[in-house]
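Asks: Structure below; questions to follow.
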Amino acid sequence: RRPPRSTLFPYTTLFRSIPSNLNAVLQGGSAVLNWPASFKATGYNVYRASASAGSYIKIASGVSATNYNDTTIVNGGTYFYFVTAINVYGESVGSPKAIVYFVDHFAFAPIGMQTSSVPFAVTISACDLNGNVLSNFTGAAILSAAGDHGNVPLTPATTAAFLNGQWAGTVTLDSACPDTNIRLTASSNSVSGTSSPFNVVAPAIQVFNGFLVVDLVYNPFTQRLYAVAPAAAAVFSNSLIVIDPVIGRIETSYYLGDDPGYLSVSSDGQFIYIGFNGTNVFRRFNLATHTIDLQVELGGNTDVAALPGLPHSVAVNGGGISIFDDGVQRTNTYPLGDFVVAGSANELFTMAVGRPSAPFARLTVDASGVTGYTYEDGIVGYFDTVKYQAGLLFTSSGTVFNADTANILGHLTNCYILEPDLAAGRIYSMGSHPVWGQPAAWTLYAWNATNLQMVGSLAIPGVNDGGPTTLVRWGTNGIAFSISSWYQNQFFLVRTPLVPSVPPVLIGGSRQASGPFQLNFKGDQSIPYTVWASTNLANWTPLGPPSLVSNGWFWFWDINTTNWPQRFYRAGISQ
C-alpha cells in the first residue's frame with residue numbers, strides 16, 4: 001500500500017530550485033553577476049558563452065555567494081551567462097540567460113565645420129570589436145575635446161545614458177576657443193573613441209571682455225594682430241600681445257614694462273616699433289627673434305610711425321618729431337607735434353601743438369630729417385586722430401581730404417572712428433545712436449571709397465558707452481577694435497561680408513626652358529586661391545593652388561601646358 005501522504009514531502013524538498021532573475025552588468029573591466037538565493041541550494045555553478053546558442057563552458061564551480069565577478073572577459077566581447085544551483089543531490093537546470101556587452105570603442109557620426117559658442121548635434125555609438133552597435137549598452141560616457149592649440153572647453157562634459165547603444169545630443173565649444181583639427185573624445189571604463197577632425201571657426205562677432213588694448217596694428221606678413229596693454233591693464237599688463245584673428249585666439253605675450261601705448265609695424269613686417277608713456281623711450285621689437293633689439297631715449301612720451309618703404313626707419317614724436325634710422329637720429333627735427341602719421345618716407349603729418357589754433361601740419365622729410373612744414377587750419381579737429389592711405393587723409397570724425405592740396409573730398413556721417421581700405425574700395429567707420437536710458441547702440445559702417453556713399457552697415461551689440469579707441473582691418477573679412485574706458489574694457493574681432501573680396505591681379509607669365517608655363521599674379525596672401533585653365537574661355541578646369549612667393553606675390557607652374565596649342569588662365573577663390 002502507499003505510504004502516508006505526509007511522508008512524500010521530505011523527499012521532494014531535498015531538490016534545489018532553479019535560479020531566477022539573473023542580472024549581469026559591466027563594471028570596470030568585469031562582468032558582475034548576481035541573482036536571488038535558490039531554495040535548498042548549497043552553491044552555484046556559472047556558465048558562459050560568446051553566442052546565445054553557442055557552446056557554454058563552466059567558468060566557476062561551487063560559488064557560495066549569490067554573485068560572481070567575471071574578470072576574464074575581453075574588451076569588445078559579447079557574453080552570455082546562466083547559473084545553476086547545486087547541492088548533494090545534484091545540479092539544477094540553468095537559469096534564464098543574461099547578456100553583457102563589453103564596449104570595444106565609441107564611434108562618432110561625422111561632424112562638419114562648426115562655429116564656437118553655437119550648439120551642434122553629436123551622435124555617439126557604443127560598438128563592439130567589429131563596429132556593430134551594442135544595442136543593450138545603457139551606460140554614459142565622459143566627453144572631452146582637443147584641437148591644434150590644446151584642450152578646448154566643452155559643454156556638456158558627460159553624456160546622459162545611452163539608449164539602444166547610442167547617445168544623441170547637442171554640445172557647445174566655448175566661444176573663446178575656436179580652433180582647427182578639433183577631435184571629440186568619449187570615454188568610459190578605460191574604453192574610448194575619437195571623432196574625425198573638424199574645424200571650429202570663431203563667431204561673426206567675438207568679444208573679449210576685460211581685455212584692455214590701447215593701440216593695435218595688423219601685420220599682413222605674419223597675419224597677426226599686435227596689441228599693447230598698458231600698466232593699468234588687469235591682464236597682460238605692460239605687454240605686447242600677439243593675436244591670431246582667424247581663429248580668434250590670443251597666442252602669446254611679451255612683457256615690456258614702462259607703460260607701452262603706441263605701435264607701428266615696419267613696411268616689411270619685420271619690426272614692431274613701440275612708444276611708451278611711462279618712460280621717454282621708443283623700442284623696436286624684432287619679430288624674428290621675439291626680442292627688443294633697439295632702444296632710444298627721448299624727451300617725452302613717444303608716438304611712433306614706421307616710414308613706408310624704409311623698415312629700419314621710424315618717425316618719433318617725443319618732445320618734438322625726429323627721424324631715426326636703426327636708432328641713429330637725423331639732424332633736422334620739428335619741435336612741436338601731438339602725434340605723428342607717416343604718409344611716405346618723405347611726408348609726415350601731425351597736429352602743431354602750441355600754435356594758437358593747433359593747426360594740422362604737413363612735414364617734408366629728406367635724408368637730413370624734417371626740412372619743412374606747412375599748416376592747414378580748420379580741417380582736422382583738435383581731438384581728431386588721423387590716418388593716411390594712398391594720398392588721402394582721414395579724420396576720426398569722418399572728413400576725407402587730399403594730403404597735398406588739402407582739398408576736402410567729403411565727410412562721413414555719424415563717424416566716431418574710421419579705417420580706410422582703399423585696396424578694397426572701402427572706408428570703415430563706427431558710430432552710435434544714443435538713446436536716453438539705454439545702452440549705446442554702436443554700428444559698423446562700410447562706405448564706397450570713390451563717392452563716399454554708404455554701402456552697408458552691421459550693428460555691433462554689447463559695445464559699452466566708452467566707444468572704440470582703435471579700429472583696424474585684418475585678413476580677408478576682418479575688423480578689429482578695442483574700447484578703453486572706466487566702465488568696461490573690451491576687444492572685438494568682427495568677421496563680416498561688408499569687406500569685399502579683392503580679386504587677384506594677373507601680372508603675366510612665361511614658358512620655362514624645361515617646358516612648364518609659369519603664371520604670376522598678385523593678391524591677398526591670406527586667401528586660398530585656385531588657378532583654372534581653359535582652351536576656349538567657356539569650360540574651365542581647376543589646376544590647383546598657387547605657391548606664395550613673397551608678400552602677396554604668387555606663381556603657378558602648369559606642367560601640362562605642352563599638351564595644348566593654346567591655353568587661358570585665371571585665378572580666384574574656389575566656390
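Residues are referred to by chain and number: the chain letter is A, B, ... according to the order shown in the C-alpha cells, the number counts from 1 in that chain, and ligands are numbered separately from 1 in the order shown.
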Any idea what's packed within 10 Å of A:Leu287, counting only C-alpha atoms, ignoring anything in its chain fewer than 6 positions away? Could you give it as a PDB file with N, CA and C atoms, in the first residue's frame?

Replies:
ATOM      1  N   THR A 222      52.770  88.302 -41.144  1.00  0.00           N
ATOM      2  CA  THR A 222      52.551  87.241 -40.158  1.00  0.00           C
ATOM      3  C   THR A 222      51.085  86.890 -40.017  1.00  0.00           C
ATOM      4  N   GLY A 269      57.151  94.113 -42.387  1.00  0.00           N
ATOM      5  CA  GLY A 269      56.613  93.251 -41.346  1.00  0.00           C
ATOM      6  C   GLY A 269      57.640  92.666 -40.409  1.00  0.00           C
ATOM      7  N   GLN A 270      58.888  93.147 -40.451  1.00  0.00           N
ATOM      8  CA  GLN A 270      59.946  92.565 -39.637  1.00  0.00           C
ATOM      9  C   GLN A 270      59.980  93.133 -38.224  1.00  0.00           C
ATOM     10  N   PHE A 271      59.564  94.403 -38.072  1.00  0.00           N
ATOM     11  CA  PHE A 271      59.694  95.068 -36.783  1.00  0.00           C
ATOM     12  C   PHE A 271      58.356  95.641 -36.329  1.00  0.00           C
ATOM     13  N   ILE A 272      58.196  95.711 -35.004  1.00  0.00           N
ATOM     14  CA  ILE A 272      57.133  96.478 -34.380  1.00  0.00           C
ATOM     15  C   ILE A 272      57.808  97.584 -33.567  1.00  0.00           C
ATOM     16  N   ASP A 293      65.403  94.768 -29.926  1.00  0.00           N
ATOM     17  CA  ASP A 293      66.761  94.877 -30.457  1.00  0.00           C
ATOM     18  C   ASP A 293      67.240  96.327 -30.568  1.00  0.00           C
TER      19      ASP A 293
END

Asks: Which residues are near stretch 330-337 of chain A? Cut-off 8 Å, only C-alpha atoms, ignore same chain within fewer than 2 positions. Put them as a list in words.

Replies: Asn317, Gly319, Gly320, Ile321, Ser322, Ile323, Phe324, Asp325, Val328, Phe339, Val340, Thr350, Met351, Ala352, Val353, Gly354, Ala367, Ser368, Gly369, Val370 and Thr371 of chain A

Asks: With a distance cut-off of 9 Å and only C-alpha atoms, select the neighbouring residues of A:Arg426, excluding the residue or stretch itself and same-chain residues fewer than 5 positions from it, and output the selection as a short mmCIF file (atom, residue, chain, number, x, y, z; two decimals) with N, CA and C atoms, in the first residue's frame.

Replies:
data_model
loop_
_atom_site.label_atom_id
_atom_site.label_comp_id
_atom_site.auth_asym_id
_atom_site.auth_seq_id
_atom_site.Cartn_x
_atom_site.Cartn_y
_atom_site.Cartn_z
N GLU A 419 38.59 103.60 -40.49
CA GLU A 419 39.73 102.86 -41.02
C GLU A 419 39.58 102.74 -42.54
N PRO A 420 40.50 103.32 -43.33
CA PRO A 420 40.41 103.20 -44.78
C PRO A 420 40.96 101.87 -45.27
N ASP A 421 40.36 101.33 -46.32
CA ASP A 421 40.86 100.14 -47.01
C ASP A 421 40.64 100.38 -48.50
N ALA A 446 30.19 100.61 -43.72
CA ALA A 446 31.08 100.47 -44.87
C ALA A 446 30.69 101.53 -45.90
N TRP A 447 31.70 102.28 -46.40
CA TRP A 447 31.47 103.37 -47.34
C TRP A 447 32.23 103.10 -48.63
N ASN A 448 31.62 103.49 -49.75
CA ASN A 448 32.31 103.44 -51.03
C ASN A 448 33.41 104.50 -51.02
N ALA A 449 34.66 104.06 -51.26
CA ALA A 449 35.78 104.99 -51.16
C ALA A 449 35.83 105.98 -52.30
N THR A 450 35.06 105.76 -53.37
CA THR A 450 35.08 106.67 -54.52
C THR A 450 34.09 107.81 -54.35
N LEU A 452 31.99 108.07 -51.49
CA LEU A 452 31.71 108.25 -50.06
C LEU A 452 30.25 107.99 -49.71
N VAL A 455 27.54 101.79 -48.21
CA VAL A 455 27.16 100.58 -48.95
C VAL A 455 26.65 99.48 -48.02
N LEU A 498 30.82 92.79 -45.17
CA LEU A 498 30.99 94.19 -45.55
C LEU A 498 32.37 94.43 -46.18
N VAL A 499 33.31 93.51 -45.90
CA VAL A 499 34.64 93.58 -46.53
C VAL A 499 34.59 92.77 -47.81
N PRO A 500 34.67 93.40 -49.00
CA PRO A 500 34.59 92.65 -50.24
C PRO A 500 35.89 91.90 -50.53
#

Asks: Could you check the closest approach to A:Asp303 for each of A:Ser253, A:Thr399, A:Asn280, A:Asn346 and tell me which residue wins, using only C-alpha atoms?

Replies: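 Smallest separation from A:Asp303 among the options: A:Asn280.
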
Asks: Rounded to one decimal in Å, what is the spacing between atom CA of A:Asn67 and atom CA of A:Phe39?

Replies: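 Calculated distance between atom CA of A:Asn67 and atom CA of A:Phe39 is 15.7 Å.
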
Asks: What are the nearest atom pairs, with distances in Å to one decimal, for all residues of stretch 116-228 of chain A that come at most 12 Å from stretch 547-561 of chain A, using only C-alpha atoms, set out by chain and rising residue number as JSON lines?

Replies:
{"residue": "A:Asn219", "atom": "CA", "partner": "A:Asn551", "partner_atom": "CA", "distance": 10.9}
{"residue": "A:Pro220", "atom": "CA", "partner": "A:Asn551", "partner_atom": "CA", "distance": 7.9}
{"residue": "A:Phe221", "atom": "CA", "partner": "A:Asn551", "partner_atom": "CA", "distance": 6.4}
{"residue": "A:Thr222", "atom": "CA", "partner": "A:Asn551", "partner_atom": "CA", "distance": 9.8}
{"residue": "A:Gln223", "atom": "CA", "partner": "A:Asn551", "partner_atom": "CA", "distance": 10.8}

Asks: Generate a file of the selected residues that holds N, CA and C atoms, formatted as a PDB file, in the first residue's frame.

Replies:
ATOM      1  N   ASN A 219      49.717  92.974 -39.016  1.00  0.00           N
ATOM      2  CA  ASN A 219      50.882  92.665 -39.834  1.00  0.00           C
ATOM      3  C   ASN A 219      50.478  91.648 -40.902  1.00  0.00           C
ATOM      4  N   PRO A 220      50.360  92.048 -42.183  1.00  0.00           N
ATOM      5  CA  PRO A 220      49.905  91.106 -43.212  1.00  0.00           C
ATOM      6  C   PRO A 220      50.910  90.003 -43.488  1.00  0.00           C
ATOM      7  N   PHE A 221      52.168  90.205 -43.116  1.00  0.00           N
ATOM      8  CA  PHE A 221      53.179  89.177 -43.350  1.00  0.00           C
ATOM      9  C   PHE A 221      53.008  88.002 -42.394  1.00  0.00           C
ATOM     10  N   THR A 222      52.770  88.302 -41.144  1.00  0.00           N
ATOM     11  CA  THR A 222      52.551  87.241 -40.158  1.00  0.00           C
ATOM     12  C   THR A 222      51.085  86.890 -40.017  1.00  0.00           C
ATOM     13  N   GLN A 223      50.193  87.712 -40.592  1.00  0.00           N
ATOM     14  CA  GLN A 223      48.742  87.555 -40.473  1.00  0.00           C
ATOM     15  C   GLN A 223      48.327  87.523 -39.001  1.00  0.00           C
TER      16      GLN A 223
END

Asks: Counting only C-alpha atoms, what is within 8 Å of A:Thr530, bar same-chain residues fewer than 6 positions away, as an MDAnalysis selection string?

Replies: chainID A and resid 542:546 571:574

Asks: Taking the chain letters and numbering used in this document, name the residues of stretch 71-240 of chain A that DSSP puts in strand (DSSP E or B), as a PyMOL selection string.

Replies: chain A and resi 78-87+90-91+98-101+105-108+114-115+120-127+133+142-147+150-151+154-155+158+163+166-173+179-188+191-194+198-201+205-209+215-219+224-229+239-240

Asks: Closest to A:Ser30 among A:Ser190, A:Thr66, A:Gln490, A:Gln114, using only C-alpha atoms?

Replies: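 Residue with the minimum atom-to-atom distance to A:Ser30: A:Ser190.
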
Asks: From the set A:Asp404, A:Val207, A:Phe285, A:Tyr262, which residue has the shortest atom-to-atom contact distance to A:Ile460, counting only C-alpha atoms?

Replies: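 Using only C-alpha atoms, A:Ile460 sits closest to A:Val207.
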